[in-house]
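To start, the structure under review is shown below, and the notes come after it.
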Amino acid sequence: MVKISRRDFVRIASLMGGVSLFAGCSWLGNENVVPEFIKGAPAVDPIETILGVDTRYTVCALCPGGCGIGCRIAQGALVKIGGNPYHPVSKAEPLNFDTPLEKAARDGASVCAIGSSGIQTLYDPFRILKPLKRLGSRGSGKWLAISWEQAINEIVEGGSLFGEGKIEGLKNGGSSRSGPTLLAGRIDWGSQLFLERFVSAFPGASFARTDDVLWNNRSIELAKSVFGPESGTLDANYKTVKFLLGFGFTPLDSGKPLVSIARELADSRLKASCMSWVVVDPRLSTSASKADLWVPIIPGADASLALAIAKALFEKHSSDLRNSDPELKRLADSRSIGSLVESCGIGPEIVYHIADLMAKAGESSAVLFGQGILRQPDGELTARLILSLNSMVGSLPGSGGLLSRNDGLLNDLRKTFSGSGFSKIDPLPLPNENRSVILWQADPVYYYPEKSVKALSNTKANPLVVAIDNVITETAAFADYILPDTTYLERWDLCALPPSCDKPGCGFRSPVVGGFSSKSGDYFPILPENLLMEDILIRLGASSGIPEFAMDNNGKRPNSWGFYSKVFAATAYLFDPQLSSSETSGKIHLDEIMQRGGIFPASVPKPRHIETKVGGEIGNGQAISAPPTNSIAEDELWLVTYTLPFHRSPRSGINSWLLEIIPENRLVMNWDDAKKRHIKQGDYVTIQSYDDKVSFKIKAQLAPGIRPGVVAMAKGFGYRGSGAVTNVIDGVSNHDKTRGAGLNTEILTGELPLKVKVVKT
């Protein structure tokens, strides 16, 4: 094998990117923007036309994309998950809302591999069948199945529940300021409204969110600091963008939603305008492999590169700039382009070339960052610098290159339905709070193992821990009680469209299996002892003496449908004030909206231009220093993480269809780095961090598409919940070790990139 130095590698990689620049324009003038052979199956799936197969539309929940899905139901069983042709995310040209359901069932729409694997989420053999109470200490993995009556009574009343002393139940805890903390992870609009209402009604209760929500909120606040208070979650307008620059932003790998973004990217690349695309990433991701230019930057040097691009814009295109922020100019003048690019490990010609492309595209540019940027030292400063490049050339949310999700209409719902509940961002309640904890859709033990296990194991700090879930997750394993929840295919919810969608509307999630009583509004899941999260909390609230959840004078208990029927009606009215609840009015009835999986009006609002907020917000007076890349010794490497397009989270990653694609993650290494360490393809290697906090073994995957001096691992593997490890229920144990293959990258605590040593085992 020919030996290539790091300098030669960077030079060749940059040259290859330059040679391929505008390669996507080879089909200019072709009216069929996306070739027919990549649009989907060549013919209608026979299962879609078989007599007796019903199609029910809902919204996927296996990633934050919020795609509309069509579920094929045969004799009450889910047999296939496809796309929803009414939903603007799932189909490029969605069906008119008045298209009959019978016709829609024979129309096509897209869904990704993760979405189609949802069948295995519904029929997971490790789903919890009954309420569980721990036996032994927290985390011991031993459980006793109990009745709902016993579970509710013990959680509410408390007492000597485990032989460890008296525990205060929810009823007593809720009478003081130390009511329960309700900890939720990534949730949709409807469930958030309900949880906020529950917290508002429960004395002393608080509402906390997990770290995945924290990262998203940080991104929104950073966008507001650059573009003003009306900005929301940012994404590129893939239909109109002419130049896309991503710093660790890889929409073909981690786009939400993946399929629609990939479709729109393909369209933009093949249109006459021919979108230019640059990806800044130490690893050759799927996105970088399809871009015009891959910039294999030294990890952690993104701030220096962003500042170098800003300086090049000031130098060469000052007359074309739409906004000249004095603070950004001061920062740019403090360093030379030569010193900045040296710390990035690239040549200055790349910076000037990117600046030329940005200036040419102007307001049709989009410069975005991936979540990994925020985990770097000075990550927020780096993110502000990256976003500020947009405003320099006049690219503002809604102006051509950028979109911003504005949840103004949905925010109006919060005033009506959520009460005065409040939210705080905290991966786990502090150990000294002495609060009971109720968890839903939250798995902090996977994402923060050391901190979370320590907090949950402390029975004095958290005397009562209740997990509402459909499987025994890594976090539920440390609960006192696990109350069996339904899956997303067995519940209602209100789902906002993703920020990449430029059309109005909102998805309505509805159960696609199970039974429903139109008289009482009660829902009956496929597992008879399971309950919806809302119905579980209503029972806990009623038993705790909360008036809002008590039975009415007719002895009827409030239920989930009673809440969501009002939410859906109010949402439909917000998007279409002319909507009538009368079936004879000639308009679409609310039931028909729900049957179509949401409300998607035909009219598109005018683009919303946001005034850029400038003046000292970028650096807050801080000087930007290059990361200490030169301090790496010969035996040191930078470790980074990345997202695969078909394996994103442990929730969906345990589905066998996805594990058949890649059963485990590996350590991706450059051939040159591997040769120096006598490592061959498939060898086991040991990774040791220099702070001595991390040490583990993993198989090596040698590849040319990663910068020398850098190693990488895919996220979402190494799960130790949902049947991956043994749990004993009523003396019976079972597990499937294939679910826990690979390593959890979240054990890499602290800032990334991480300096490591890699040796052959």
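The way I read the labels, and the way they are meant: chains A, B, ... in the order of the structure tokens, residue 1 as the first residue of every chain, and ligand 1 as the first ligand shown, with later ones counted on from there.
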Give me the residues within 10 Å of Gln595 in chain A as a list in words, counting only C-alpha atoms and dropping any in the same chain fewer than 5 places off. Thr55, Arg56, Tyr57, Thr58, Leu101, Phe508, Arg509, Ser510, His589 and Leu590 of chain A
Those of range 490-539 of chain A in DSSP strand (DSSP E or B), formatted as a list in words: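 Checking each residue of range 490-539 of chain A, the strand (DSSP E or B) ones are Asp493, Leu494, Cys495, Ala496, Cys506, Gly507, Phe508, Arg509, Gly515, Phe516, Tyr523 and Phe524 of chain A.
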Give me the residues within 12 Å of range 743-748 of chain A as an NGL selection string, counting only C-alpha atoms and dropping any in the same chain fewer than 2 places off. :A and (211-212 or 375 or 444-452 or 474 or 639-643 or 648-650 or 653 or 663-667 or 687-699 or 712-721 or 739-741 or 750-756)
For Phe194 in chain A, which of A:Trp143, A:Trp561, A:Phe516, A:Phe314 is the closest residue, counting only C-alpha atoms?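 Looking at the shortest contact to Phe194 in chain A, the residue is A:Trp561.
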Residue contacts of Leu702 in chain A (7 Å, only C-alpha atoms) excluding same-chain residues fewer than 3 positions away, as a PDB file with C-alpha atoms, in the first residue's frame:
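result_2.pdb was written with the following content:
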```pdb
ATOM      1  CA  VAL A 668     -13.483   3.761  11.977  1.00  0.00           C
ATOM      2  CA  MET A 669      -9.779   4.414  11.361  1.00  0.00           C
ATOM      3  CA  ASN A 670      -7.685   5.714   8.519  1.00  0.00           C
ATOM      4  CA  TRP A 671      -5.471   3.051   6.933  1.00  0.00           C
ATOM      5  CA  GLN A 681      -9.419  -4.914   9.265  1.00  0.00           C
TER       6      GLN A 681
END
```
Contacts of Ile373 in chain A at 8 Å (only C-alpha atoms; same-chain gap of 4+ positions) as a PyMOL selection string: chain A and resi 247-248+300+302+369+379-380+382-383
For the helix (DSSP H, G or I) assignment from backbone DSSP, which residues of range 348-581 of chain A qualify? Please present them as a PyMOL selection string. chain A and resi 348-364+371-375+379-392+408-417+444-447+449-457+476-478+488-490+533-543+547-549+560-575
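Proximity of A:Gly232, A:Pro704, A:Gly108, A:Gly370 to Lys256 in chain A, computed with only C-alpha atoms, is greatest for A:Gly370.
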Ile261 in chain A surroundings by only C-alpha atoms, 12 Å radius, close-in-sequence under 6 positions cut, as a PyMOL selection string: chain A and resi 65+67+88-92+110-112+235-239+250-255+267-268+287+498-502+645
Please save N, CA and C atoms of the selected residues as a CSV table (one decimal), in the first residue's frame.
```csv
chain,number,residue,atom,x,y,z
A,65,GLY,N,-38.4,13.4,13.2
A,65,GLY,CA,-38.9,13.9,11.8
A,65,GLY,C,-40.4,14.1,11.7
A,67,CYS,N,-42.7,12.1,10.3
A,67,CYS,CA,-43.3,11.7,9.0
A,67,CYS,C,-44.7,11.2,9.2
A,88,PRO,N,-47.4,16.3,3.8
A,88,PRO,CA,-46.4,17.0,3.0
A,88,PRO,C,-44.9,16.6,3.2
A,89,VAL,N,-44.7,15.9,4.3
A,89,VAL,CA,-43.3,15.3,4.5
A,89,VAL,C,-43.1,14.0,3.8
A,90,SER,N,-44.1,13.2,3.7
A,90,SER,CA,-44.0,11.9,3.1
A,90,SER,C,-44.2,11.8,1.6
A,91,LYS,N,-44.6,12.9,1.0
A,91,LYS,CA,-44.8,12.9,-0.5
A,91,LYS,C,-44.5,14.3,-1.0
A,92,ALA,N,-43.8,14.3,-2.1
A,92,ALA,CA,-43.4,15.6,-2.7
A,92,ALA,C,-44.6,16.4,-3.1
A,110,SER,N,-43.5,7.9,0.8
A,110,SER,CA,-42.2,7.4,1.3
A,110,SER,C,-42.1,7.2,2.8
A,111,VAL,N,-41.3,6.3,3.2
A,111,VAL,CA,-41.0,6.1,4.6
A,111,VAL,C,-39.6,5.5,4.7
A,112,CYS,N,-38.8,5.8,5.7
A,112,CYS,CA,-37.4,5.4,5.8
A,112,CYS,C,-37.4,4.0,6.4
A,235,ASP,N,-33.5,25.1,9.6
A,235,ASP,CA,-33.1,24.1,8.6
A,235,ASP,C,-32.9,24.8,7.3
A,236,ALA,N,-32.3,24.1,6.3
A,236,ALA,CA,-32.2,24.7,5.0
A,236,ALA,C,-33.5,24.5,4.3
A,237,ASN,N,-33.8,25.5,3.4
A,237,ASN,CA,-34.9,25.4,2.5
A,237,ASN,C,-34.4,24.6,1.3
A,238,TYR,N,-34.5,23.3,1.3
A,238,TYR,CA,-33.8,22.5,0.3
A,238,TYR,C,-34.4,22.7,-1.1
A,239,LYS,N,-35.5,23.3,-1.2
A,239,LYS,CA,-36.1,23.5,-2.5
A,239,LYS,C,-35.6,24.7,-3.2
A,250,THR,N,-25.0,17.0,8.5
A,250,THR,CA,-25.1,15.9,7.5
A,250,THR,C,-26.5,15.5,7.3
A,251,PRO,N,-27.3,16.2,6.4
A,251,PRO,CA,-28.7,15.8,6.3
A,251,PRO,C,-29.0,14.5,5.7
A,252,LEU,N,-28.0,13.9,4.9
A,252,LEU,CA,-28.3,12.6,4.4
A,252,LEU,C,-27.9,11.5,5.4
A,253,ASP,N,-27.4,11.9,6.5
A,253,ASP,CA,-27.1,10.9,7.6
A,253,ASP,C,-28.0,11.1,8.8
A,254,SER,N,-28.2,12.4,9.2
A,254,SER,CA,-29.0,12.6,10.4
A,254,SER,C,-30.2,13.6,10.1
A,255,GLY,N,-30.6,13.8,8.9
A,255,GLY,CA,-31.7,14.7,8.6
A,255,GLY,C,-33.0,14.2,9.2
A,267,ASP,N,-33.5,16.9,-5.9
A,267,ASP,CA,-34.1,17.8,-6.8
A,267,ASP,C,-33.3,19.0,-7.0
A,268,SER,N,-32.8,19.6,-5.8
A,268,SER,CA,-32.0,20.9,-5.9
A,268,SER,C,-30.7,20.7,-6.6
A,287,SER,N,-23.3,12.3,3.5
A,287,SER,CA,-23.6,13.6,2.9
A,287,SER,C,-22.3,14.1,2.3
A,498,PRO,N,-41.8,19.2,10.7
A,498,PRO,CA,-40.4,19.5,11.0
A,498,PRO,C,-40.0,20.8,10.3
A,499,PRO,N,-38.9,21.4,10.8
A,499,PRO,CA,-38.5,22.7,10.3
A,499,PRO,C,-38.1,22.7,8.8
A,500,SER,N,-37.8,21.5,8.2
A,500,SER,CA,-37.5,21.4,6.8
A,500,SER,C,-38.7,21.5,5.9
A,501,CYS,N,-39.9,21.5,6.5
A,501,CYS,CA,-41.1,21.5,5.7
A,501,CYS,C,-41.6,22.9,5.6
A,502,ASP,N,-41.8,23.4,4.4
A,502,ASP,CA,-42.3,24.8,4.1
A,502,ASP,C,-43.8,24.9,4.0
A,645,PRO,N,-27.8,6.9,9.0
A,645,PRO,CA,-29.1,7.2,8.5
A,645,PRO,C,-30.2,6.2,8.9
```
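If you look at CA of Asp320 in chain A and CA of Val393 in chain A, they are 7.2 Å away from each other.
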Give me the residues near Ile297 in chain A as a list of chain:residue names, where near means some atom within 9 Å (using only C-alpha atoms) and where sequence neighbours in that chain fewer than 5 positions away do not count.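 Using only C-alpha atoms, the neighbours found are A:Val10, A:Val280, A:Asp281, A:Pro282, A:Arg283, A:Asp302, A:Leu305, A:Cys344, A:Gly345, A:Ile346, A:Arg707.
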Store the residues picked out above in a file with C-alpha atoms, as an mmCIF file, in the first residue's frame.
```cif
data_model
loop_
_atom_site.group_PDB
_atom_site.id
_atom_site.type_symbol
_atom_site.label_atom_id
_atom_site.label_comp_id
_atom_site.auth_asym_id
_atom_site.auth_seq_id
_atom_site.Cartn_x
_atom_site.Cartn_y
_atom_site.Cartn_z
ATOM 1 C CA VAL A 10 -5.658 16.748 2.946
ATOM 2 C CA VAL A 280 -17.055 20.224 6.807
ATOM 3 C CA ASP A 281 -16.430 16.984 8.696
ATOM 4 C CA PRO A 282 -13.357 14.913 9.648
ATOM 5 C CA ARG A 283 -15.198 11.813 8.378
ATOM 6 C CA ASP A 302 -14.739 24.748 13.293
ATOM 7 C CA LEU A 305 -12.755 27.903 9.846
ATOM 8 C CA CYS A 344 -7.910 23.701 10.632
ATOM 9 C CA GLY A 345 -5.466 21.592 8.629
ATOM 10 C CA ILE A 346 -6.604 22.891 5.225
ATOM 11 C CA ARG A 707 -8.866 12.251 8.194
#
```
